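Trainee: For reference, the file input_18.csv (CSV, C-alpha atoms) is included below:
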chain,number,residue,atom,x,y,z
A,216,MET,CA,11.1,-171.3,135.2
A,217,ARG,CA,12.9,-170.1,132.0
A,218,SER,CA,10.4,-171.8,129.8
A,219,ARG,CA,7.5,-170.2,131.7
A,220,THR,CA,9.1,-166.8,131.3
A,221,LEU,CA,9.6,-167.3,127.5
A,222,ARG,CA,6.0,-168.6,127.1
A,223,ALA,CA,4.7,-165.5,128.9
A,224,LEU,CA,6.8,-163.2,126.7
A,225,ALA,CA,5.7,-165.0,123.5
A,226,ILE,CA,2.0,-164.7,124.5
A,227,ALA,CA,2.5,-161.1,125.4
A,228,ALA,CA,4.3,-160.4,122.1
A,229,THR,CA,1.4,-162.0,120.2
A,230,ALA,CA,-1.0,-159.7,122.1
A,231,LEU,CA,1.1,-156.7,121.3
A,232,LEU,CA,1.2,-157.6,117.6
A,233,SER,CA,-2.6,-158.2,117.5
A,234,ALA,CA,-3.2,-154.8,119.2
A,235,THR,CA,-1.0,-153.2,116.5
A,236,VAL,CA,-3.0,-154.9,113.7
A,237,LEU,CA,-6.3,-153.8,115.4
A,238,THR,CA,-5.2,-150.2,115.5
A,239,ALA,CA,-4.0,-150.3,111.9
A,240,CYS,CA,-7.4,-151.6,110.9
A,241,GLY,CA,-9.2,-148.8,112.7
A,242,GLY,CA,-9.5,-150.3,116.2
A,243,ASP,CA,-10.1,-148.2,119.3
A,244,ASP,CA,-7.2,-146.0,120.5
A,245,ASP,CA,-7.9,-143.3,123.0
A,246,SER,CA,-4.3,-142.1,123.4
A,247,GLY,CA,-4.6,-139.4,120.7
A,248,GLY,CA,-4.5,-139.2,116.9
A,249,ALA,CA,-1.7,-140.8,114.9
A,250,GLY,CA,1.2,-138.5,114.7
A,251,GLY,CA,-0.2,-136.2,117.4
A,252,GLU,CA,0.5,-136.0,121.0
A,253,ALA,CA,-0.8,-138.6,123.4
A,254,SER,CA,-3.3,-137.8,126.1
A,255,ALA,CA,-1.2,-139.9,128.5
A,256,ILE,CA,2.1,-141.9,128.5
A,257,ARG,CA,2.6,-144.8,130.8
A,258,LEU,CA,6.2,-145.1,132.1
A,259,GLY,CA,7.8,-147.9,134.0
A,260,TYR,CA,10.8,-147.8,136.2
A,261,PHE,CA,12.4,-149.6,139.2
A,262,PRO,CA,12.6,-148.5,142.8
A,263,ASN,CA,16.4,-148.6,143.0
A,264,ILE,CA,19.2,-146.0,142.5
A,265,THR,CA,20.3,-147.4,139.1
A,266,HIS,CA,17.0,-145.7,138.0
A,267,ALA,CA,17.8,-142.4,139.6
A,268,PRO,CA,16.9,-140.3,136.5
A,269,ALA,CA,13.5,-141.8,136.6
A,270,LEU,CA,13.1,-141.4,140.3
A,271,ILE,CA,14.2,-137.8,140.1
A,272,GLY,CA,12.3,-137.1,136.9
A,273,VAL,CA,9.1,-138.3,138.6
A,274,LYS,CA,9.8,-136.7,142.0
A,275,ASN,CA,10.8,-133.3,140.8
A,276,GLY,CA,8.1,-133.2,138.1
A,277,LEU,CA,10.7,-132.9,135.2
A,278,PHE,CA,8.8,-135.4,133.0
A,279,GLN,CA,5.4,-133.8,133.6
A,280,GLN,CA,6.9,-130.3,133.0
A,281,ALA,CA,8.3,-131.5,129.6
A,282,LEU,CA,5.1,-133.4,128.7
A,283,GLY,CA,2.8,-130.4,129.3
A,284,SER,CA,-0.8,-131.5,128.9
A,285,THR,CA,0.1,-135.1,128.3
A,286,LYS,CA,-0.5,-137.0,131.6
A,287,LEU,CA,2.3,-139.1,133.0
A,288,GLU,CA,1.3,-142.4,134.5
A,289,THR,CA,3.9,-144.6,136.2
A,290,LYS,CA,4.3,-148.2,137.3
A,291,THR,CA,7.3,-149.8,139.1
A,292,PHE,CA,8.9,-153.2,138.6
A,293,ASN,CA,11.4,-155.3,140.5
A,294,ALA,CA,13.3,-156.6,137.4
A,295,GLY,CA,13.4,-156.3,133.7
A,296,PRO,CA,11.5,-159.4,132.5
A,297,ALA,CA,8.4,-158.3,134.3
A,298,ALA,CA,8.7,-154.8,132.8
A,299,ILE,CA,9.0,-156.3,129.3
A,300,GLU,CA,5.9,-158.4,129.9
A,301,ALA,CA,4.0,-155.3,130.8
A,302,LEU,CA,5.3,-153.5,127.7
A,303,PHE,CA,4.3,-156.5,125.5
A,304,SER,CA,0.8,-156.6,127.1
A,305,GLY,CA,0.2,-152.9,126.5
A,306,ALA,CA,0.2,-152.0,130.2
A,307,ILE,CA,3.0,-149.5,129.7
A,308,ASP,CA,4.3,-147.5,126.7
A,309,ALA,CA,7.9,-147.0,127.8
A,310,THR,CA,10.2,-148.1,130.6
A,311,TYR,CA,13.6,-147.7,132.1
A,312,ILE,CA,15.2,-151.2,132.0
A,313,GLY,CA,18.5,-153.1,131.8
A,314,PRO,CA,20.1,-154.3,128.6
A,315,ASN,CA,19.3,-158.0,128.7
A,316,PRO,CA,15.5,-157.8,129.1
A,317,ALA,CA,15.5,-155.3,126.2
A,318,ILE,CA,17.5,-157.7,124.1
A,319,ASN,CA,15.1,-160.6,125.0
A,320,GLY,CA,12.1,-158.4,124.2
A,321,TRP,CA,13.6,-157.5,120.8
A,322,ALA,CA,14.4,-161.2,120.0
A,323,THR,CA,11.0,-162.5,121.2
A,324,SER,CA,9.1,-160.0,119.1
A,325,LYS,CA,11.4,-160.4,116.1
A,326,GLY,CA,12.4,-156.8,116.3
A,327,THR,CA,8.8,-155.4,116.3
A,328,ALA,CA,8.1,-154.5,119.9
A,329,LEU,CA,10.5,-151.8,121.1
A,330,LYS,CA,13.3,-149.3,120.5
A,331,ILE,CA,16.0,-148.1,122.8
A,332,ILE,CA,15.8,-144.3,122.7
A,333,ALA,CA,18.3,-143.2,125.4
A,334,GLY,CA,20.9,-144.3,127.9
A,335,SER,CA,20.5,-143.6,131.6
A,336,THR,CA,23.0,-145.3,133.9
A,337,SER,CA,26.4,-147.0,133.7
A,338,GLY,CA,27.9,-149.1,136.5
A,339,GLY,CA,26.5,-149.8,139.9
A,340,ALA,CA,26.4,-153.6,139.9
A,341,GLY,CA,28.5,-156.5,141.1
A,342,LEU,CA,28.9,-159.6,143.2
A,343,VAL,CA,28.9,-159.2,147.0
A,344,VAL,CA,29.7,-162.2,149.1
A,345,LYS,CA,30.3,-163.4,152.6
A,346,GLN,CA,33.6,-162.8,154.3
A,347,GLY,CA,35.9,-165.8,153.6
A,348,ILE,CA,35.0,-166.1,149.9
A,349,ASN,CA,38.1,-164.7,148.1
A,350,SER,CA,38.1,-166.2,144.6
A,351,PRO,CA,35.8,-167.8,142.0
A,352,ALA,CA,37.0,-171.2,143.3
A,353,ASP,CA,35.6,-170.4,146.7
A,354,LEU,CA,32.1,-170.2,145.2
A,355,LYS,CA,31.8,-173.9,144.5
A,356,GLY,CA,28.8,-175.3,146.3
A,357,LYS,CA,27.6,-171.8,147.3
A,358,LYS,CA,24.2,-170.2,146.8
A,359,ILE,CA,24.2,-166.8,144.9
A,360,ALA,CA,21.1,-164.7,144.2
A,361,THR,CA,20.2,-162.6,141.2
A,362,PRO,CA,17.1,-160.3,140.8
A,363,GLN,CA,15.4,-162.5,138.2
A,364,LEU,CA,16.2,-165.2,135.7
A,365,GLY,CA,17.4,-163.6,132.5
A,366,ASN,CA,17.7,-160.1,133.9
A,367,THR,CA,20.9,-158.1,133.4
A,368,GLN,CA,22.6,-159.1,136.6
A,369,ASP,CA,21.6,-162.7,136.2
A,370,VAL,CA,23.3,-162.8,132.8
A,371,ALA,CA,26.3,-161.0,134.1
A,372,LEU,CA,26.8,-163.5,136.9
A,373,ARG,CA,26.3,-166.6,134.7
A,374,ALA,CA,28.7,-165.3,132.1
A,375,TRP,CA,31.4,-164.4,134.8
A,376,LEU,CA,31.0,-167.9,136.3
A,377,LYS,CA,31.5,-169.6,132.9
A,378,GLN,CA,34.5,-167.4,132.2
A,379,ASN,CA,36.0,-168.7,135.5
A,380,GLY,CA,35.3,-172.4,134.8
A,381,LEU,CA,32.1,-172.7,136.9
A,382,ASN,CA,28.7,-173.8,135.7
A,383,ALA,CA,25.3,-172.9,136.9
A,384,ASP,CA,22.1,-174.3,135.3
A,385,GLN,CA,18.7,-172.6,135.2
A,386,GLN,CA,17.2,-174.9,137.8
A,387,GLY,CA,19.7,-173.9,140.6
A,388,GLY,CA,22.1,-176.7,140.1
A,389,GLY,CA,25.7,-177.0,138.9
A,390,ASP,CA,28.9,-175.8,140.6
A,391,VAL,CA,27.2,-172.7,141.9
A,392,SER,CA,23.5,-172.6,142.8
A,393,VAL,CA,22.1,-169.4,141.2
A,394,LEU,CA,18.8,-168.5,142.9
A,395,PRO,CA,16.8,-165.7,141.2
A,396,GLN,CA,14.8,-163.8,143.8
A,397,ASP,CA,13.5,-160.2,144.2
A,398,ASN,CA,15.9,-157.7,145.8
A,399,ALA,CA,14.1,-157.4,149.1
A,400,THR,CA,14.2,-161.2,149.6
A,401,ALA,CA,17.9,-161.4,148.6
A,402,LEU,CA,18.8,-158.6,151.1
A,403,GLN,CA,17.0,-160.5,153.9
A,404,ALA,CA,18.4,-163.9,152.8
A,405,PHE,CA,22.0,-162.5,152.8
A,406,ALA,CA,21.6,-160.9,156.2
A,407,GLN,CA,20.3,-164.2,157.6
A,408,GLY,CA,23.0,-166.3,156.0
A,409,ALA,CA,20.6,-168.2,153.8
A,410,ILE,CA,22.6,-167.3,150.7
A,411,ASP,CA,26.3,-166.8,150.3
A,412,GLY,CA,26.2,-163.8,148.0
A,413,ALA,CA,24.3,-161.9,145.3
A,414,TRP,CA,25.0,-160.2,142.0
A,415,VAL,CA,22.8,-157.1,142.4
A,416,PRO,CA,22.5,-153.5,141.4
A,417,GLU,CA,22.8,-150.5,143.7
A,418,PRO,CA,21.6,-149.7,146.3
A,419,ASN,CA,21.5,-153.4,147.3
A,420,LEU,CA,25.2,-153.8,146.6
A,421,SER,CA,26.1,-151.1,149.1
A,422,ARG,CA,23.4,-152.3,151.6
A,423,MET,CA,24.8,-155.8,151.7
A,424,VAL,CA,28.3,-154.5,152.3
A,425,GLN,CA,27.3,-151.9,155.0
A,426,GLU,CA,24.4,-153.7,156.7
A,427,SER,CA,25.4,-157.3,156.5
A,428,LYS,CA,29.2,-157.1,156.4
A,429,GLY,CA,29.5,-158.4,152.9
A,430,LYS,CA,32.4,-157.7,150.6
A,431,ILE,CA,32.6,-157.0,146.9
A,432,LEU,CA,34.2,-159.9,145.1
A,433,VAL,CA,33.5,-158.4,141.7
A,434,ASN,CA,32.7,-154.8,140.8
A,435,GLU,CA,31.2,-155.2,137.4
A,436,LYS,CA,32.8,-152.0,136.0
A,437,ASP,CA,36.2,-153.7,136.3
A,438,LEU,CA,35.1,-156.2,133.6
A,439,TRP,CA,34.3,-153.5,131.0
A,440,PRO,CA,36.4,-151.1,128.8
A,441,ASN,CA,36.9,-147.8,130.5
A,442,GLY,CA,34.7,-149.1,133.4
A,443,GLN,CA,31.6,-148.3,131.4
A,444,PHE,CA,28.6,-150.6,130.7
A,445,VAL,CA,24.9,-150.0,130.3
A,446,THR,CA,23.0,-150.8,133.5
A,447,THR,CA,19.8,-148.9,132.6
A,448,HIS,CA,18.5,-147.4,129.4
A,449,LEU,CA,15.1,-146.1,128.2
A,450,ILE,CA,12.9,-148.0,125.8
A,451,VAL,CA,9.6,-147.3,124.1
A,452,THR,CA,7.1,-149.5,122.2
A,453,GLN,CA,7.5,-149.0,118.4
A,454,LYS,CA,3.7,-148.5,118.2
A,455,PHE,CA,3.8,-145.6,120.6
A,456,LEU,CA,6.9,-144.1,119.0
A,457,LYS,CA,5.3,-144.2,115.6
A,458,GLU,CA,2.0,-142.8,116.7
A,459,HIS,CA,3.2,-140.2,119.1
A,460,PRO,CA,6.8,-139.1,118.2
A,461,GLU,CA,6.3,-135.6,119.7
A,462,THR,CA,5.2,-137.1,123.1
A,463,VAL,CA,8.3,-139.4,123.0
A,464,LYS,CA,10.5,-136.4,122.3
A,465,LYS,CA,9.0,-134.6,125.3
A,466,LEU,CA,9.6,-137.6,127.5
A,467,LEU,CA,13.2,-137.5,126.3
A,468,GLN,CA,13.4,-133.8,127.3
A,469,GLY,CA,12.3,-134.7,130.8
A,470,HIS,CA,14.9,-137.5,130.8
A,471,ILE,CA,17.7,-135.2,129.7
A,472,ALA,CA,16.7,-132.7,132.3
A,473,ALA,CA,16.9,-135.4,135.0
A,474,VAL,CA,20.4,-136.5,134.0
A,475,LYS,CA,21.5,-132.9,133.9
A,476,TYR,CA,20.0,-132.2,137.3
A,477,ILE,CA,22.0,-135.1,138.8
A,478,LYS,CA,25.3,-133.8,137.3
A,479,ASP,CA,24.7,-130.2,138.4
A,480,ASN,CA,23.0,-130.8,141.8
A,481,ASN,CA,24.4,-134.1,143.1
A,482,ALA,CA,23.5,-133.6,146.7
A,483,ASP,CA,20.0,-132.4,146.0
A,484,ALA,CA,19.6,-135.2,143.4
A,485,GLN,CA,20.5,-137.8,146.0
A,486,LYS,CA,17.9,-136.4,148.4
A,487,ALA,CA,15.2,-136.3,145.7
A,488,ALA,CA,16.0,-139.9,144.6
A,489,ASN,CA,15.9,-141.1,148.2
A,490,GLU,CA,12.6,-139.3,148.9
A,491,GLN,CA,11.0,-141.0,145.9
A,492,LEU,CA,12.4,-144.4,147.0
A,493,ALA,CA,10.9,-143.8,150.4
A,494,ALA,CA,7.5,-143.0,148.8
A,495,LEU,CA,7.6,-146.2,146.8
A,496,SER,CA,9.0,-148.6,149.4
A,497,GLY,CA,8.0,-146.9,152.7
A,498,LYS,CA,11.6,-146.5,153.8
A,499,PRO,CA,14.5,-144.2,152.7
A,500,LEU,CA,18.1,-145.4,152.3
A,501,LYS,CA,20.5,-144.6,155.0
A,502,GLU,CA,22.8,-141.7,154.1
A,503,PRO,CA,26.0,-143.8,153.9
A,504,VAL,CA,24.3,-146.3,151.6
A,505,LEU,CA,22.9,-143.6,149.4
A,506,ALA,CA,26.3,-141.9,149.1
A,507,ALA,CA,28.1,-145.1,148.3
A,508,ALA,CA,25.6,-146.1,145.7
A,509,PHE,CA,25.7,-142.7,143.9
A,510,LYS,CA,29.5,-142.8,143.9
A,511,ASN,CA,29.4,-146.2,142.2
A,512,LEU,CA,27.2,-145.0,139.4
A,513,GLU,CA,27.5,-142.8,136.3
A,514,PHE,CA,24.3,-141.2,134.9
A,515,THR,CA,24.5,-140.6,131.2
A,516,ASN,CA,22.4,-140.1,128.1
A,517,ASP,CA,24.8,-142.4,126.2
A,518,PRO,CA,23.4,-145.9,125.9
A,519,ILE,CA,26.9,-147.3,125.7
A,520,SER,CA,25.8,-149.5,122.8
A,521,SER,CA,29.0,-151.5,122.6
A,522,SER,CA,28.2,-153.1,126.0
A,523,LEU,CA,24.7,-154.0,124.8
A,524,TYR,CA,26.0,-156.1,122.0
A,525,ALA,CA,28.5,-157.7,124.4
A,526,SER,CA,25.7,-158.5,126.9
A,527,ALA,CA,23.8,-160.2,124.1
A,528,LYS,CA,26.8,-162.4,123.4
A,529,HIS,CA,27.1,-163.2,127.1
A,530,ALA,CA,23.4,-164.3,127.2
A,531,GLU,CA,24.0,-166.5,124.2
A,532,ASP,CA,27.1,-168.0,125.8
A,533,VAL,CA,25.1,-169.1,128.9
A,534,GLY,CA,22.1,-170.5,127.0
A,535,LEU,CA,19.7,-167.7,127.9
A,536,LEU,CA,19.4,-166.3,124.4
A,537,LYS,CA,19.5,-167.7,120.8
A,538,PRO,CA,21.7,-165.7,118.4
A,539,VAL,CA,19.8,-162.5,117.5
A,540,ASP,CA,20.3,-159.7,115.0
A,541,LEU,CA,20.2,-156.4,117.0
A,542,LYS,CA,20.4,-154.2,113.9
A,543,GLY,CA,17.7,-151.5,114.4
A,544,ILE,CA,17.2,-151.9,118.1
A,545,TYR,CA,18.2,-148.3,118.6
A,546,ASP,CA,16.4,-145.1,117.6
A,547,LEU,CA,18.6,-142.3,118.9
A,548,GLY,CA,17.5,-139.7,116.3
A,549,PRO,CA,15.2,-137.8,118.6
A,550,LEU,CA,17.7,-137.9,121.5
A,551,ASN,CA,20.5,-136.6,119.4
A,552,GLU,CA,18.4,-133.9,118.0
A,553,LEU,CA,17.6,-132.7,121.5
A,554,LEU,CA,21.2,-133.1,122.7
A,555,LYS,CA,22.5,-131.1,119.7
A,556,ALA,CA,20.0,-128.3,120.4
A,557,ASP,CA,21.2,-128.2,124.0
A,558,GLY,CA,24.9,-128.0,123.0
A,559,GLN,CA,25.6,-131.5,124.3
A,560,PRO,CA,27.6,-134.2,122.4
A,561,GLU,CA,25.5,-136.7,120.4
A,562,VAL,CA,25.6,-140.4,121.1
A,563,SER,CA,26.2,-143.5,119.0
A,564,ASP,CA,24.5,-146.8,118.4
A,565,ALA,CA,27.6,-148.5,117.1
A,566,PRO,CA,28.2,-152.1,118.2
A,567,ALA,CA,31.9,-151.4,119.0
A,568,ALA,CA,33.4,-148.6,121.0
Will you turn the file into structure tokens for me?

Mentor:
Amino acid sequence: MRSRTLRALAIAATALLSATVLTACGGDDDSGGAGGEASAIRLGYFPNITHAPALIGVKNGLFQQALGSTKLETKTFNAGPAAIEALFSGAIDATYIGPNPAINGWATSKGTALKIIAGSTSGGAGLVVKQGINSPADLKGKKIATPQLGNTQDVALRAWLKQNGLNADQQGGGDVSVLPQDNATALQAFAQGAIDGAWVPEPNLSRMVQESKGKILVNEKDLWPNGQFVTTHLIVTQKFLKEHPETVKKLLQGHIAAVKYIKDNNADAQKAANEQLAALSGKPLKEPVLAAAFKNLEFTNDPISSSLYASAKHAEDVGLLKPVDLKGIYDLGPLNELLKADGQPEVSDAPAA
């Protein structure tokens, strides 16, 4: 499965590079003139609470208001690797995503495909298990789900298992059987007892606790300095950023407005996020789940860059990533310009806190 994912990424990366060359040579591009504003921007995000700035930015029209005449087109994904493939293939221009798929995309494209342009979310992920599982040792022989092989939670689980003397291969074998599956499947499987636990993001973490009597064995924020680590950030293709910097800046304005809205209007923000989730999935979250999920998350423009570099090392340690130079993966200039103008503190792309 891992090899298939890498092949797909490699093929998509080749397509992206070819498209870049075509444009440079005068190929068709109906998104607006180089350096000008695009006629449309295609934005990806996930239907879960860790992407609340995206949910609220779309629902409340904050992105469209900032973009003005540029049309916002959106597409949702279940996990990061699928979003990266869409970015590589040219199906989207920007996306909210977790750190590890962004790192993989950077590595696969040899630093040519994307830039991280803003933080979004810290926290809100961890390992929820059946009652009776009280320690890492109790996980031997158990089945644990993650959203997708190589996604942020998948890497976090595998790294934590290794740190606790347990192994898990990419085929579902080893001391612990790690079974990548989409969030809806994992929720049902946990409720039915088909799996023993899952390392998942909110709101699935709180849903498994409240709806299926699971318990949190690991809250991931307990593993990071100051309890902060990047769960979600915003990336854009280098091609789109180069050709339409003003459109990217306007997208960032909408993003900053969404983060600020959450901080200033938490109750209304929860309602807006839940309404957008319902529009995407057909069913809103129950109020106790919604409240618990928001409480477990911090929404921030800071990409918490130090945790990205640490996540890359974790992926290397568990064999999901070859050593990669991440220098240049961030472009926080436009974000910091907007934050400074708004009287907010600027953010850093430093590898260590």

Trainee: Taking every listed atom of segment 355-374 of chain A and adding 3 Å to each side, what centre and edge lengths in Å (one decimal) does the axis-aligned box have, as AutoDock Vina command-line options?

Mentor:
--center_x 23.6 --center_y -166.7 --center_z 139.7 --size_x 22.4 --size_y 23.2 --size_z 21.2

Trainee: Between A:Leu553, A:Ala409, A:Ala488, A:Ile318, which one has atoms that come closest to Tyr476 of chain A, using only C-alpha atoms?

Mentor: A:Ala488

Trainee: Which neighbours of segment 350-360 of chain A fall inside 6 Å, counting all atoms listed in the file, when residues of the same chain fewer than 2 positions from it are skipped, and could you give them as a list in words?

Mentor: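 Here the qualifying residues turn out to be Ile348, Asp390, Val391, Ser392, Val393, Leu394, Pro395, Ile410, Asp411, Gly412 and Ala413 of chain A.
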
Trainee: For Ala508 of chain A, which residue out of A:Ala281, A:Ala267, A:Ala309, A:Leu554 is the nearest one, using all atoms listed in the file?

Mentor: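 Once distances to Ala508 of chain A are computed over all atoms listed in the file, the minimum belongs to A:Ala267.
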
Trainee: Using all atoms listed in the file for the distances, tell me which of A:Leu329, A:Ile271, A:Ala482, A:Leu302 is nearest to Leu541 of chain A.

Mentor: A:Leu329

Trainee: What is the distance, in Å and to one decimal place, between atom CA of Pro518 of chain A and atom CA of Asp397 of chain A?

Mentor: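 Those two atoms sit 25.2 Å apart.
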